[in-house]
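Enquirer: File name input-v7.cif; file contents mmCIF, C-alpha atoms and all ligand atoms; full text below.
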```cif
data_data
loop_
_atom_site.label_atom_id
_atom_site.label_comp_id
_atom_site.auth_asym_id
_atom_site.auth_seq_id
_atom_site.Cartn_x
_atom_site.Cartn_y
_atom_site.Cartn_z
CA MET A 1 324.60 55.78 136.47
CA ARG A 2 321.48 55.79 134.34
CA SER A 3 319.89 52.93 136.20
CA SER A 4 320.54 54.55 139.57
CA CYS A 5 318.83 57.70 138.25
CA VAL A 6 315.83 55.62 137.29
CA VAL A 7 315.78 53.95 140.70
CA LEU A 8 316.10 57.30 142.44
CA THR A 9 313.28 58.82 140.40
CA ALA A 10 311.11 55.82 141.15
CA LEU A 11 311.84 56.13 144.87
CA VAL A 12 311.06 59.84 144.90
CA ALA A 13 307.82 59.19 143.02
CA LEU A 14 306.93 56.44 145.47
CA ALA A 15 307.64 58.68 148.45
CA ALA A 16 305.59 61.49 146.93
CA TYR A 17 302.73 59.09 146.29
CA TYR A 18 302.92 57.91 149.89
CA ILE A 19 303.06 61.37 151.38
CA TYR A 20 300.51 63.00 149.13
CA ILE A 21 296.92 62.85 150.27
CA PRO A 22 294.33 65.23 148.89
CA LEU A 23 293.60 67.78 151.60
CA PRO A 24 291.04 70.56 151.54
CA SER A 25 292.78 73.94 151.31
CA SER A 26 290.83 75.05 154.38
CA VAL A 27 292.83 72.83 156.75
CA SER A 28 295.56 74.35 158.92
CA ASP A 29 299.15 74.09 157.51
CA PRO A 30 298.29 71.41 154.88
CA TRP A 31 301.87 70.49 153.89
CA LYS A 32 302.96 69.97 157.43
CA LEU A 33 299.84 67.92 158.09
CA MET A 34 300.65 65.73 155.09
CA LEU A 35 304.10 65.01 156.50
CA LEU A 36 302.72 64.31 159.97
CA ASP A 37 300.14 61.97 158.50
CA ALA A 38 302.71 60.17 156.31
CA THR A 39 304.97 59.65 159.34
CA PHE A 40 302.11 58.24 161.36
CA ARG A 41 300.93 56.02 158.48
CA SER A 42 304.43 54.64 157.90
CA ALA A 43 304.70 53.76 161.59
CA GLU A 44 301.29 52.07 161.39
CA HIS A 45 302.36 50.07 158.33
CA VAL A 46 305.60 48.96 159.94
CA CYS A 47 303.61 47.78 162.96
CA GLU A 48 301.14 45.87 160.77
CA LEU A 49 304.15 44.12 159.29
CA ILE A 50 305.48 43.37 162.77
CA GLN A 51 302.15 41.77 163.69
CA TYR A 52 302.02 39.90 160.36
CA LEU A 53 305.44 38.43 161.13
CA GLY A 54 304.10 37.31 164.50
CA LEU A 55 306.54 39.46 166.46
CA SER A 56 304.08 41.55 168.47
CA HIS A 57 300.57 42.99 168.56
CA GLN A 58 300.52 45.94 166.13
CA LEU A 59 299.17 48.36 168.73
CA LEU A 60 301.82 47.34 171.27
CA ALA A 61 304.50 47.93 168.67
CA LEU A 62 303.02 51.29 167.65
CA ASN A 63 302.73 52.41 171.24
CA PHE A 64 306.29 51.32 171.87
CA ILE A 65 307.43 53.63 169.06
CA ILE A 66 305.27 56.54 170.27
CA THR A 67 306.32 56.30 173.90
CA SER A 68 310.00 55.69 173.26
CA VAL A 69 310.22 58.66 170.90
CA GLY A 70 308.11 60.93 173.07
CA GLN A 71 308.65 59.93 176.71
CA LYS A 72 309.48 62.78 179.06
CA ASN A 73 310.57 62.44 182.68
CA ALA A 74 308.67 64.27 185.38
CA TRP A 75 310.51 67.57 185.40
CA SER A 76 309.50 70.42 187.67
CA SER A 77 310.08 74.05 186.78
CA ALA A 78 309.89 77.08 189.05
CA ARG A 79 306.24 77.51 188.10
CA VAL A 80 304.93 73.91 187.85
CA LYS A 81 305.81 71.00 190.10
CA VAL A 82 305.50 67.66 188.27
CA THR A 83 305.37 64.30 190.07
CA ASP A 84 304.60 60.72 189.12
CA THR A 85 302.61 58.82 191.72
CA ASP A 86 299.64 56.48 191.94
CA PHE A 87 296.05 56.97 193.05
CA ASP A 88 294.59 53.73 194.39
CA GLY A 89 296.88 51.67 192.18
CA VAL A 90 296.40 53.76 189.03
CA GLU A 91 299.44 55.71 187.86
CA VAL A 92 299.02 59.46 187.51
CA ARG A 93 301.24 62.40 186.66
CA VAL A 94 300.35 65.43 188.77
CA PHE A 95 301.10 68.99 187.65
CA GLU A 96 300.86 71.57 190.43
CA GLY A 97 300.76 75.18 189.33
CA SER A 98 301.52 77.92 191.81
CA PRO A 99 298.53 79.39 193.63
CA LYS A 100 297.26 82.89 192.90
CA PRO A 101 298.27 85.21 195.74
CA GLU A 102 294.64 85.99 196.62
CA GLU A 103 293.42 82.36 196.41
CA PRO A 104 295.14 79.75 198.57
CA LEU A 105 293.06 76.88 197.14
CA LYS A 106 293.59 75.91 193.54
CA ARG A 107 291.30 74.77 190.77
CA SER A 108 291.84 71.29 189.37
CA VAL A 109 291.31 69.26 186.19
CA LEU A 110 291.49 65.49 185.83
CA TYR A 111 292.84 64.91 182.34
CA ILE A 112 292.46 61.72 180.27
CA HIS A 113 294.72 61.50 177.24
CA GLY A 114 293.61 60.22 173.83
CA GLY A 115 294.99 57.46 171.58
CA GLY A 116 292.18 55.05 170.69
CA TRP A 117 292.22 53.44 174.18
CA ALA A 118 295.47 51.83 172.99
CA LEU A 119 298.15 54.46 172.45
CA ALA A 120 300.00 57.38 174.04
CA SER A 121 300.65 58.24 177.65
CA ALA A 122 300.42 61.00 180.23
CA LYS A 123 304.21 60.92 180.09
CA ILE A 124 304.79 61.76 176.45
CA ARG A 125 305.91 65.25 175.61
CA TYR A 126 302.63 66.25 173.88
CA TYR A 127 300.44 65.57 176.90
CA ASP A 128 303.05 66.67 179.39
CA ASP A 129 303.31 70.03 177.58
CA LEU A 130 299.52 70.43 177.49
CA CYS A 131 299.07 69.70 181.19
CA THR A 132 302.02 71.90 182.14
CA ALA A 133 300.47 74.80 180.21
CA MET A 134 297.11 74.18 181.90
CA ALA A 135 298.67 74.05 185.39
CA GLU A 136 300.62 77.21 184.75
CA GLU A 137 297.96 79.31 183.03
CA LEU A 138 295.11 78.24 185.33
CA ASN A 139 297.22 78.18 188.53
CA ALA A 140 295.69 74.74 188.88
CA VAL A 141 296.45 71.15 189.79
CA ILE A 142 296.20 68.90 186.74
CA VAL A 143 295.99 65.15 187.28
CA SER A 144 296.85 63.30 184.08
CA ILE A 145 295.70 59.69 184.37
CA GLU A 146 298.00 56.93 183.10
CA TYR A 147 295.30 54.28 182.60
CA SER A 148 296.10 50.84 181.12
CA LEU A 149 295.73 50.37 177.40
CA VAL A 150 294.64 47.84 174.78
CA PRO A 151 295.80 45.05 174.36
CA LYS A 152 296.75 44.74 178.04
CA VAL A 153 293.20 45.57 179.08
CA HIS A 154 289.92 46.08 177.21
CA PHE A 155 286.53 47.72 177.73
CA PRO A 156 285.41 48.43 180.46
CA GLU A 157 288.71 48.21 182.39
CA GLN A 158 289.89 51.62 181.13
CA ILE A 159 286.71 53.12 182.62
CA HIS A 160 287.23 51.34 185.95
CA GLU A 161 290.74 52.74 186.21
CA VAL A 162 289.84 56.36 185.50
CA VAL A 163 286.90 56.07 187.93
CA ARG A 164 289.19 54.63 190.61
CA ALA A 165 291.83 57.34 190.23
CA THR A 166 289.18 60.08 190.21
CA LYS A 167 287.39 58.79 193.31
CA TYR A 168 290.68 58.59 195.14
CA PHE A 169 291.54 62.16 194.22
CA LEU A 170 288.12 63.47 195.31
CA GLN A 171 288.63 62.37 198.92
CA PRO A 172 288.77 65.46 201.19
CA GLU A 173 292.19 64.59 202.63
CA VAL A 174 293.72 64.14 199.16
CA LEU A 175 292.26 67.41 197.90
CA GLN A 176 293.61 69.08 200.98
CA LYS A 177 297.06 67.63 200.42
CA TYR A 178 297.15 69.25 196.97
CA SER A 179 295.43 72.47 198.16
CA VAL A 180 292.54 71.93 195.76
CA ASP A 181 289.21 73.74 196.08
CA PRO A 182 286.60 70.91 196.24
CA GLY A 183 284.04 73.12 194.49
CA ARG A 184 286.21 73.79 191.43
CA ILE A 185 287.15 70.44 189.89
CA GLY A 186 286.67 69.62 186.23
CA ILE A 187 287.18 66.55 184.08
CA SER A 188 288.51 66.59 180.60
CA GLY A 189 290.01 64.48 177.86
CA ASP A 190 290.62 64.31 174.13
CA SER A 191 289.49 61.74 171.58
CA ALA A 192 289.25 58.32 173.32
CA GLY A 193 290.12 60.17 176.54
CA GLY A 194 287.12 62.41 175.83
CA ASN A 195 285.06 59.24 175.58
CA LEU A 196 286.27 58.10 179.01
CA ALA A 197 285.70 61.57 180.50
CA THR A 198 282.13 61.61 179.14
CA VAL A 199 281.40 58.17 180.57
CA LEU A 200 282.90 59.16 183.92
CA ALA A 201 280.76 62.32 184.09
CA GLN A 202 277.63 60.30 183.30
CA GLN A 203 278.42 57.73 186.00
CA PHE A 204 279.16 60.35 188.61
CA SER A 205 275.99 62.30 187.82
CA GLN A 206 274.00 59.16 188.71
CA ASP A 207 275.72 58.69 192.06
CA ALA A 208 274.27 60.69 194.96
CA ASN A 209 277.66 60.85 196.69
CA LEU A 210 279.58 62.12 193.68
CA LYS A 211 276.92 64.09 191.87
CA ASN A 212 277.99 67.61 192.69
CA LYS A 213 281.71 67.06 192.88
CA ILE A 214 282.45 67.82 189.23
CA LYS A 215 281.91 71.43 188.23
CA VAL A 216 282.57 71.22 184.49
CA GLN A 217 283.40 68.73 181.77
CA ALA A 218 285.53 69.73 178.77
CA LEU A 219 285.52 67.29 175.87
CA ILE A 220 288.02 67.64 173.04
CA TYR A 221 286.94 65.97 169.76
CA PRO A 222 285.49 63.11 171.82
CA VAL A 223 284.66 59.63 170.47
CA LEU A 224 281.01 59.16 171.47
CA GLN A 225 279.37 56.37 169.48
CA ALA A 226 279.98 53.23 167.43
CA LEU A 227 276.51 52.75 165.94
CA ASP A 228 276.75 54.95 162.86
CA PHE A 229 279.97 55.23 160.88
CA ASN A 230 278.18 57.23 158.20
CA THR A 231 277.39 60.52 159.89
CA PRO A 232 278.12 63.44 157.56
CA SER A 233 281.54 63.92 159.20
CA TYR A 234 282.41 60.23 158.78
CA GLN A 235 281.36 60.44 155.11
CA GLN A 236 283.16 63.73 154.49
CA ASN A 237 286.41 62.67 156.22
CA VAL A 238 286.66 59.00 155.20
CA ASN A 239 290.35 59.43 154.35
CA ALA A 240 291.18 62.39 156.55
CA PRO A 241 294.71 62.59 157.98
CA VAL A 242 295.61 61.13 161.39
CA LEU A 243 292.27 59.35 161.80
CA PRO A 244 290.66 57.90 158.67
CA ARG A 245 287.36 56.09 159.22
CA SER A 246 288.73 52.55 158.91
CA VAL A 247 291.33 53.27 161.60
CA MET A 248 288.68 54.59 164.00
CA VAL A 249 286.55 51.48 163.46
CA GLN A 250 289.60 49.29 164.14
CA TYR A 251 290.22 51.08 167.44
CA TRP A 252 286.62 50.32 168.42
CA VAL A 253 286.98 46.63 167.56
CA HIS A 254 290.25 46.34 169.50
CA TYR A 255 288.69 48.15 172.49
CA PHE A 256 286.15 45.31 172.69
CA LYS A 257 288.66 42.59 171.80
CA GLY A 258 286.38 41.88 168.84
CA ASN A 259 287.02 40.22 165.52
CA SER A 260 288.78 42.55 163.05
CA ASP A 261 287.02 40.81 160.17
CA PHE A 262 283.93 42.84 161.12
CA VAL A 263 285.54 46.18 160.33
CA GLN A 264 284.45 46.35 156.68
CA ALA A 265 280.86 45.42 157.55
CA MET A 266 280.74 47.98 160.37
CA ILE A 267 281.96 50.70 158.03
CA VAL A 268 278.72 50.29 156.04
CA ASN A 269 276.62 50.14 159.25
CA ASN A 270 275.82 46.45 158.79
CA HIS A 271 276.04 46.01 162.58
CA THR A 272 273.08 48.29 163.24
CA SER A 273 270.83 47.24 160.33
CA LEU A 274 267.05 47.10 160.67
CA VAL A 275 267.14 43.40 161.63
CA VAL A 276 269.08 44.25 164.80
CA VAL A 277 266.03 45.21 166.87
CA GLU A 278 268.05 46.25 169.95
CA ALA A 279 269.72 48.93 167.83
CA THR A 280 266.60 50.56 166.44
CA ALA A 281 265.55 52.61 169.47
CA LEU A 282 269.17 53.59 170.15
CA ARG A 283 269.75 54.73 166.60
CA ALA A 284 266.93 57.24 167.01
CA ARG A 285 269.06 58.93 169.71
CA LEU A 286 271.75 59.67 167.18
CA ASN A 287 269.44 60.44 164.31
CA TRP A 288 271.54 63.12 162.68
CA THR A 289 268.90 64.17 160.18
CA SER A 290 267.14 65.76 163.14
CA LEU A 291 270.11 66.50 165.47
CA LEU A 292 272.40 68.27 163.03
CA PRO A 293 271.77 71.58 161.25
CA ALA A 294 271.34 71.70 157.46
CA SER A 295 274.72 73.45 157.14
CA ILE A 296 276.31 70.18 158.32
CA THR A 297 274.02 67.53 156.81
CA LYS A 298 274.31 69.18 153.36
CA ASN A 299 273.40 66.47 150.82
CA TYR A 300 274.67 63.52 152.85
CA LYS A 301 272.25 60.59 153.07
CA PRO A 302 271.79 58.38 156.14
CA VAL A 303 273.07 54.81 155.66
CA VAL A 304 270.56 52.35 157.10
CA GLN A 305 270.96 48.73 155.98
CA THR A 306 267.92 46.50 155.80
CA THR A 307 269.55 43.09 156.38
CA GLY A 308 273.17 43.74 157.38
CA ASP A 309 274.94 41.28 159.66
CA ALA A 310 273.24 40.40 162.96
CA ARG A 311 276.26 38.33 164.07
CA ILE A 312 278.28 41.45 164.87
CA ILE A 313 276.10 42.67 167.76
CA ARG A 314 275.70 39.10 169.00
CA GLU A 315 279.48 38.82 169.28
CA ILE A 316 280.15 42.42 170.36
CA PRO A 317 277.07 43.55 172.31
CA GLN A 318 279.23 46.25 173.98
CA LEU A 319 278.82 48.30 170.78
CA LEU A 320 275.34 49.24 172.03
CA ASP A 321 276.42 49.95 175.61
CA ALA A 322 276.12 53.58 176.75
CA ARG A 323 279.38 53.06 178.68
CA SER A 324 281.14 52.79 175.35
CA ALA A 325 278.80 55.06 173.37
CA PRO A 326 277.76 57.78 175.85
CA LEU A 327 275.96 59.69 173.08
CA ILE A 328 273.09 57.19 173.40
CA ALA A 329 272.57 57.66 177.16
CA ASP A 330 269.03 58.24 178.43
CA GLN A 331 267.76 61.79 178.59
CA ASP A 332 267.48 61.53 182.41
CA VAL A 333 271.19 60.73 182.64
CA LEU A 334 272.06 63.74 180.49
CA GLN A 335 270.01 66.25 182.44
CA HIS A 336 272.18 65.91 185.57
CA LEU A 337 275.45 66.63 183.80
CA PRO A 338 277.60 69.65 184.66
CA LYS A 339 278.32 72.64 182.45
CA THR A 340 280.01 71.39 179.29
CA TYR A 341 282.58 72.48 176.72
CA ILE A 342 282.88 70.50 173.49
CA LEU A 343 285.59 71.24 170.93
CA THR A 344 285.06 69.95 167.39
CA CYS A 345 287.12 70.07 164.19
CA GLU A 346 285.80 70.29 160.67
CA HIS A 347 288.29 67.80 159.19
CA ASP A 348 287.54 65.00 161.66
CA VAL A 349 285.33 61.91 161.41
CA LEU A 350 284.28 62.61 165.02
CA ARG A 351 282.99 66.13 164.40
CA ASP A 352 279.32 65.07 164.40
CA ASP A 353 279.64 62.89 167.52
CA GLY A 354 280.52 66.11 169.37
CA ILE A 355 277.88 68.29 167.68
CA MET A 356 275.13 65.73 168.31
CA TYR A 357 276.11 65.40 171.97
CA ALA A 358 276.03 69.18 172.36
CA LYS A 359 272.53 69.19 170.89
CA ARG A 360 271.29 66.36 173.12
CA LEU A 361 272.75 68.02 176.22
CA GLU A 362 271.16 71.33 175.31
CA SER A 363 267.77 69.65 174.90
CA ALA A 364 268.28 68.10 178.34
CA GLY A 365 268.82 71.57 179.82
CA VAL A 366 272.61 71.45 180.24
CA GLU A 367 274.62 74.60 179.54
CA VAL A 368 276.92 73.81 176.59
CA THR A 369 279.63 75.68 174.69
CA LEU A 370 280.34 74.17 171.29
CA ASP A 371 283.69 75.44 170.03
CA HIS A 372 284.13 74.53 166.36
CA PHE A 373 287.34 74.99 164.34
CA ALA A 374 286.83 75.21 160.59
CA ASP A 375 290.51 74.45 159.86
CA GLY A 376 290.93 71.87 162.64
CA PHE A 377 291.86 68.21 162.18
CA HIS A 378 291.67 65.28 164.59
CA GLY A 379 294.27 65.52 167.33
CA CYS A 380 295.34 69.08 166.52
CA MET A 381 295.21 70.42 170.08
CA ILE A 382 298.37 68.62 171.16
CA PHE A 383 300.40 69.84 168.18
CA THR A 384 301.64 73.16 169.45
CA SER A 385 305.41 73.01 169.45
CA TRP A 386 308.03 72.78 166.75
CA PRO A 387 308.39 70.77 164.50
CA THR A 388 304.78 69.63 164.86
CA ASN A 389 303.43 73.11 165.59
CA PHE A 390 300.17 73.96 163.85
CA SER A 391 298.43 77.30 163.95
CA VAL A 392 295.15 75.54 164.77
CA GLY A 393 296.90 73.57 167.51
CA ILE A 394 297.80 76.77 169.30
CA ARG A 395 294.37 78.34 168.74
CA THR A 396 292.45 75.28 170.01
CA ARG A 397 294.63 75.03 173.11
CA ASN A 398 294.24 78.72 173.91
CA SER A 399 290.50 78.59 173.41
CA TYR A 400 290.14 75.50 175.61
CA ILE A 401 292.24 76.93 178.43
CA LYS A 402 290.38 80.24 178.21
CA TRP A 403 287.03 78.47 178.60
CA LEU A 404 288.35 76.59 181.64
CA ASP A 405 289.65 79.83 183.11
CA GLN A 406 286.25 81.48 182.75
CA ASN A 407 284.12 78.55 183.86
CA LEU A 408 286.02 76.47 186.38
C1 LIG B 1 265.12 60.65 162.03
O1 LIG B 1 264.51 61.92 162.00
C2 LIG B 1 263.79 62.18 160.82
C3 LIG B 1 263.35 63.63 160.82
O2 LIG B 1 262.85 64.00 162.09
C4 LIG B 1 262.63 61.16 160.72
O3 LIG B 1 261.92 61.39 159.52
C5 LIG B 1 263.22 59.75 160.75
O4 LIG B 1 262.18 58.80 160.76
C6 LIG B 1 264.09 59.54 161.96
N1 LIG B 1 264.76 58.26 161.86
C7 LIG B 1 264.89 57.41 162.90
C8 LIG B 1 265.65 56.16 162.65
O5 LIG B 1 264.41 57.64 163.99
C1 LIG B 2 276.48 44.05 154.52
O1 LIG B 2 275.35 43.21 154.61
C2 LIG B 2 274.80 42.85 153.34
C3 LIG B 2 273.52 42.10 153.60
O2 LIG B 2 273.72 41.01 154.47
C4 LIG B 2 275.82 42.02 152.58
O3 LIG B 2 275.32 41.68 151.32
C5 LIG B 2 277.07 42.86 152.40
O4 LIG B 2 278.09 42.10 151.77
C6 LIG B 2 277.59 43.35 153.75
N1 LIG B 2 278.69 44.27 153.52
C7 LIG B 2 279.91 44.09 154.03
C8 LIG B 2 280.94 45.10 153.65
O5 LIG B 2 280.18 43.18 154.77
C1 LIG B 3 306.37 76.71 163.97
O1 LIG B 3 307.53 77.08 164.67
C2 LIG B 3 308.53 77.66 163.84
C3 LIG B 3 309.78 77.85 164.70
O2 LIG B 3 309.46 78.47 165.91
C4 LIG B 3 307.99 78.95 163.24
O3 LIG B 3 308.96 79.51 162.40
C5 LIG B 3 306.74 78.63 162.43
O4 LIG B 3 306.17 79.81 161.93
C6 LIG B 3 305.72 77.91 163.29
N1 LIG B 3 304.61 77.48 162.45
C7 LIG B 3 303.33 77.58 162.83
C8 LIG B 3 302.31 77.11 161.88
O5 LIG B 3 303.00 78.02 163.93
#
```
What is this structure when it is put down as structure tokens?
Ligand SMILES: *[C@@H]1O[C@H](CO)[C@@H](O)[C@H](O)[C@H]1NC(C)=O
Ligand SMILES: *[C@@H]1O[C@H](CO)[C@@H](O)[C@H](O)[C@H]1NC(C)=O
Ligand SMILES: *[C@@H]1O[C@H](CO)[C@@H](O)[C@H](O)[C@H]1NC(C)=O
Expert:
Amino acid sequence: MRSSCVVLTALVALAAYYIYIPLPSSVSDPWKLMLLDATFRSAEHVCELIQYLGLSHQLLALNFIITSVGQKNAWSSARVKVTDTDFDGVEVRVFEGSPKPEEPLKRSVLYIHGGGWALASAKIRYYDDLCTAMAEELNAVIVSIEYSLVPKVHFPEQIHEVVRATKYFLQPEVLQKYSVDPGRIGISGDSAGGNLATVLAQQFSQDANLKNKIKVQALIYPVLQALDFNTPSYQQNVNAPVLPRSVMVQYWVHYFKGNSDFVQAMIVNNHTSLVVVEATALRARLNWTSLLPASITKNYKPVVQTTGDARIIREIPQLLDARSAPLIADQDVLQHLPKTYILTCEHDVLRDDGIMYAKRLESAGVEVTLDHFADGFHGCMIFTSWPTNFSVGIRTRNSYIKWLDQNL
């Protein structure tokens, strides 16, 4: 009896230790977030074990768990018709809202889900719910792109797939089939999907045939650069829930099929040290001491290594490619971009990627709305229904849909 009490106490203490992470009191629903984070971390640890045992790639295993728990069949309601189909060989889930009585043609958004280029799906409940709400509230057609993921494909295949699906959709006969107004199409995505949406918008703005076909871009806590993992938000949120810094850097390395041994060195910016001459000019484009306001930079110091490790860029040159890090694109690429919405969260390593991009776009003459949530955390916009309902999840989603309603 006594020994089982001791064991039980030890287990409870262990569980508490595992669940407890120090969270700022300013974050939305901190206890619930702690539980969400502990669930996600346990799944990650189980999958690391699975990979260690040689049973499967850890990201495949993790995605298997996420999609089998969350998968939802295409289910149409009276207000939104949902269908799974493919656009030029790329799977998509299409959500057709009902038209407004006075407007026969509908607005449309191409949506690219997040998940580190490796996880999640247009078909899981979280994204299905989001796109259903968008289709219903905007009376719009939402195309949620089911692009292939790491480790099946790597950079830049994800980009090729979203470009292919988008180009297919933009054909006049396809738009007509879905009753979409060709002048009112937007692109959007969250996290790694925000990265792909940003890259897509930049590519299209350079193409005379596609240039004016996208009216707005709406980027939700987008991933925009892999050159500096010590921006003030990366420093402030090193161990933040859902997406700690080391996990974000691992997603980057997997996206490039790079060597995971580089992660620790990249965390201290050894990959973009002063000896890496190709990086110097690019680093100036994400120089946060000049791009971010003092209220954000506070007392954080830039991390610039003198020697670092030049091998990393030699092996993974894609780290300096604007198709992976669209924040470093040339000014003349930026100036042709459409009206932009960027949502950022305070408790997110990616906060400053978004704020810096807003600043660079503004300097290039693009109209930008930066929508910042002081109690937001990475990924919060998809957490709107019980049991993972967060007050900030509902507020971010409403604010995003409202902006689309007013600008698309
Ligand atoms: C960043 O900007 C600051 C302030 O404008 C400047 O002093 C510094 O040299 C810049 N750093 C780089 C790497 O361009
Ligand atoms: C970063 O580079 C420096 C200089 O080459 C090296 O001494 C240090 O160990 C590296 N740090 C990591 C974490 O790899
Ligand atoms: C989540 O949903 C439950 C059940 O509907 C509700 O009682 C609770 O207040 C909600 N919490 C938040 C943070 O919205």
Enquirer: Do you have the atom CA of Trp386 of chain A-atom O2 of ligand LIG 3 (chain B) distance handy?
Expert: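 So the two atoms, atom CA of Trp386 of chain A and atom O2 of ligand LIG 3 (chain B), lie 5.9 Å apart.
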Enquirer: Which residues are near ligand LIG 3 (chain B) in this structure, taking near to mean any atom at most 7 Å from a ligand atom and counting all atoms listed in the file? Format them as a VMD selection string.
Expert: chain A and resid 29 385 to 387 389 to 391
Enquirer: Write the residues you've just listed into a file as a PDB file, in the coordinates of the input, and include C-alpha atoms for each of them.
Expert:
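Okay, this is what ended up in out.pdb:
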```
ATOM      1  CA  ASP A  29     299.150  74.090 157.510  1.00  0.00           C
ATOM      2  CA  SER A 385     305.410  73.010 169.450  1.00  0.00           C
ATOM      3  CA  TRP A 386     308.030  72.780 166.750  1.00  0.00           C
ATOM      4  CA  PRO A 387     308.390  70.770 164.500  1.00  0.00           C
ATOM      5  CA  ASN A 389     303.430  73.110 165.590  1.00  0.00           C
ATOM      6  CA  PHE A 390     300.170  73.960 163.850  1.00  0.00           C
ATOM      7  CA  SER A 391     298.430  77.300 163.950  1.00  0.00           C
TER       8      SER A 391
END
```
Enquirer: For the contact check between chain A and ligand LIG 2 (chain B), emit one row per residue of chain A within 9 Å, containing the shortest atom pair and the distance in Å rounded to one decimal, counting all atoms listed in the file, chain then rising number order, as JSON lines.
Expert:
```
{"residue": "A:Phe262", "atom": "CA", "partner": "B:LIG2", "partner_atom": "O5", "distance": 7.4}
{"residue": "A:Val263", "atom": "CA", "partner": "B:LIG2", "partner_atom": "C8", "distance": 8.2}
{"residue": "A:Gln264", "atom": "CA", "partner": "B:LIG2", "partner_atom": "C8", "distance": 4.8}
{"residue": "A:Ala265", "atom": "CA", "partner": "B:LIG2", "partner_atom": "O5", "distance": 3.6}
{"residue": "A:Met266", "atom": "CA", "partner": "B:LIG2", "partner_atom": "C8", "distance": 7.3}
{"residue": "A:Ile267", "atom": "CA", "partner": "B:LIG2", "partner_atom": "C8", "distance": 7.2}
{"residue": "A:Val268", "atom": "CA", "partner": "B:LIG2", "partner_atom": "C8", "distance": 6.1}
{"residue": "A:Asn269", "atom": "CA", "partner": "B:LIG2", "partner_atom": "C1", "distance": 7.7}
{"residue": "A:Asn270", "atom": "CA", "partner": "B:LIG2", "partner_atom": "C1", "distance": 4.9}
{"residue": "A:His271", "atom": "CA", "partner": "B:LIG2", "partner_atom": "C1", "distance": 8.3}
{"residue": "A:Ser273", "atom": "CA", "partner": "B:LIG2", "partner_atom": "O1", "distance": 8.3}
{"residue": "A:Gln305", "atom": "CA", "partner": "B:LIG2", "partner_atom": "O1", "distance": 7.2}
{"residue": "A:Thr306", "atom": "CA", "partner": "B:LIG2", "partner_atom": "C3", "distance": 7.5}
{"residue": "A:Thr307", "atom": "CA", "partner": "B:LIG2", "partner_atom": "C3", "distance": 4.9}
{"residue": "A:Gly308", "atom": "CA", "partner": "B:LIG2", "partner_atom": "O1", "distance": 3.6}
{"residue": "A:Asp309", "atom": "CA", "partner": "B:LIG2", "partner_atom": "O2", "distance": 5.3}
{"residue": "A:Ala310", "atom": "CA", "partner": "B:LIG2", "partner_atom": "O2", "distance": 8.5}
```
Enquirer: Go through A:Leu119, A:Leu196, A:Val275, A:Leu23 one by one, measure the shortest atom-to-atom distance of each to Ala61 of chain A using all atoms listed in the file, and give the residue with the smallest value.
Expert: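 The answer is A:Leu119, which sits nearest to Ala61 of chain A.
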Enquirer: Write out as a PDB file with C-alpha atoms, in the frame of the given file which residues come within 6 Å of Val143 of chain A when counting only C-alpha atoms, dropping same-chain ones fewer than 4 positions away.
Expert:
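Listed below is the output, around-v9.pdb:
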```pdb
ATOM      1  CA  ARG A  93     301.240  62.400 186.660  1.00  0.00           C
ATOM      2  CA  VAL A  94     300.350  65.430 188.770  1.00  0.00           C
ATOM      3  CA  LEU A 110     291.490  65.490 185.830  1.00  0.00           C
ATOM      4  CA  TYR A 111     292.840  64.910 182.340  1.00  0.00           C
TER       5      TYR A 111
END
```
Enquirer: Quick one: what's the axis-aligned box for ligand LIG 1 (chain B), all listed atoms, 8 Å on every side, centre and edges in Å to one decimal, as JSON?
Expert:
```
{"center_x": 263.8, "center_y": 60.1, "center_z": 161.8, "size_x": 19.7, "size_y": 23.8, "size_z": 20.5}
```
Enquirer: Show me which residues line ligand LIG 1 (chain B), defined as having an atom within 8 Å of a ligand atom where all atoms listed in the file count, and present them as a ChimeraX atom specification.
Expert: /A:280-281,283-285,287-290
Enquirer: Which value, in Å to one decimal, gives the distance between atom CA of Gln318 of chain A and atom CA of Asn237 of chain A?
Expert: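 Separation between atom CA of Gln318 of chain A and atom CA of Asn237 of chain A: 25.2 Å.
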Enquirer: Counting all atoms listed in the file, what is within 7 Å of Val150 of chain A, bar same-chain residues fewer than 6 positions away, as a list in words?
Expert: Trp117, Ala118 and Tyr255 of chain A
Enquirer: Store the residues picked out above, limited to C-alpha atoms, as a PDB file, in the frame of the given file.
Expert:
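As a result, selection_20.pdb now contains:
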```pdb
ATOM      1  CA  TRP A 117     292.220  53.440 174.180  1.00  0.00           C
ATOM      2  CA  ALA A 118     295.470  51.830 172.990  1.00  0.00           C
ATOM      3  CA  TYR A 255     288.690  48.150 172.490  1.00  0.00           C
TER       4      TYR A 255
END
```
Enquirer: Mind dumping segment 359-370 of chain A from that block, keeping C-alpha atoms, as a short mmCIF file (atom, residue, chain, number, x, y, z; two decimals), in the first residue's frame?
Expert:
```cif
data_model
loop_
_atom_site.label_atom_id
_atom_site.label_comp_id
_atom_site.auth_asym_id
_atom_site.auth_seq_id
_atom_site.Cartn_x
_atom_site.Cartn_y
_atom_site.Cartn_z
CA LYS A 359 7.79 46.92 -42.59
CA ARG A 360 9.62 45.92 -45.79
CA LEU A 361 6.35 45.81 -47.74
CA GLU A 362 5.35 49.21 -46.43
CA SER A 363 8.70 50.67 -47.49
CA ALA A 364 8.11 49.17 -50.94
CA GLY A 365 4.77 50.99 -51.16
CA VAL A 366 2.43 48.04 -50.50
CA GLU A 367 -0.68 48.62 -48.40
CA VAL A 368 -0.31 46.47 -45.26
CA THR A 369 -2.48 45.72 -42.23
CA LEU A 370 -0.49 44.30 -39.33
#
```
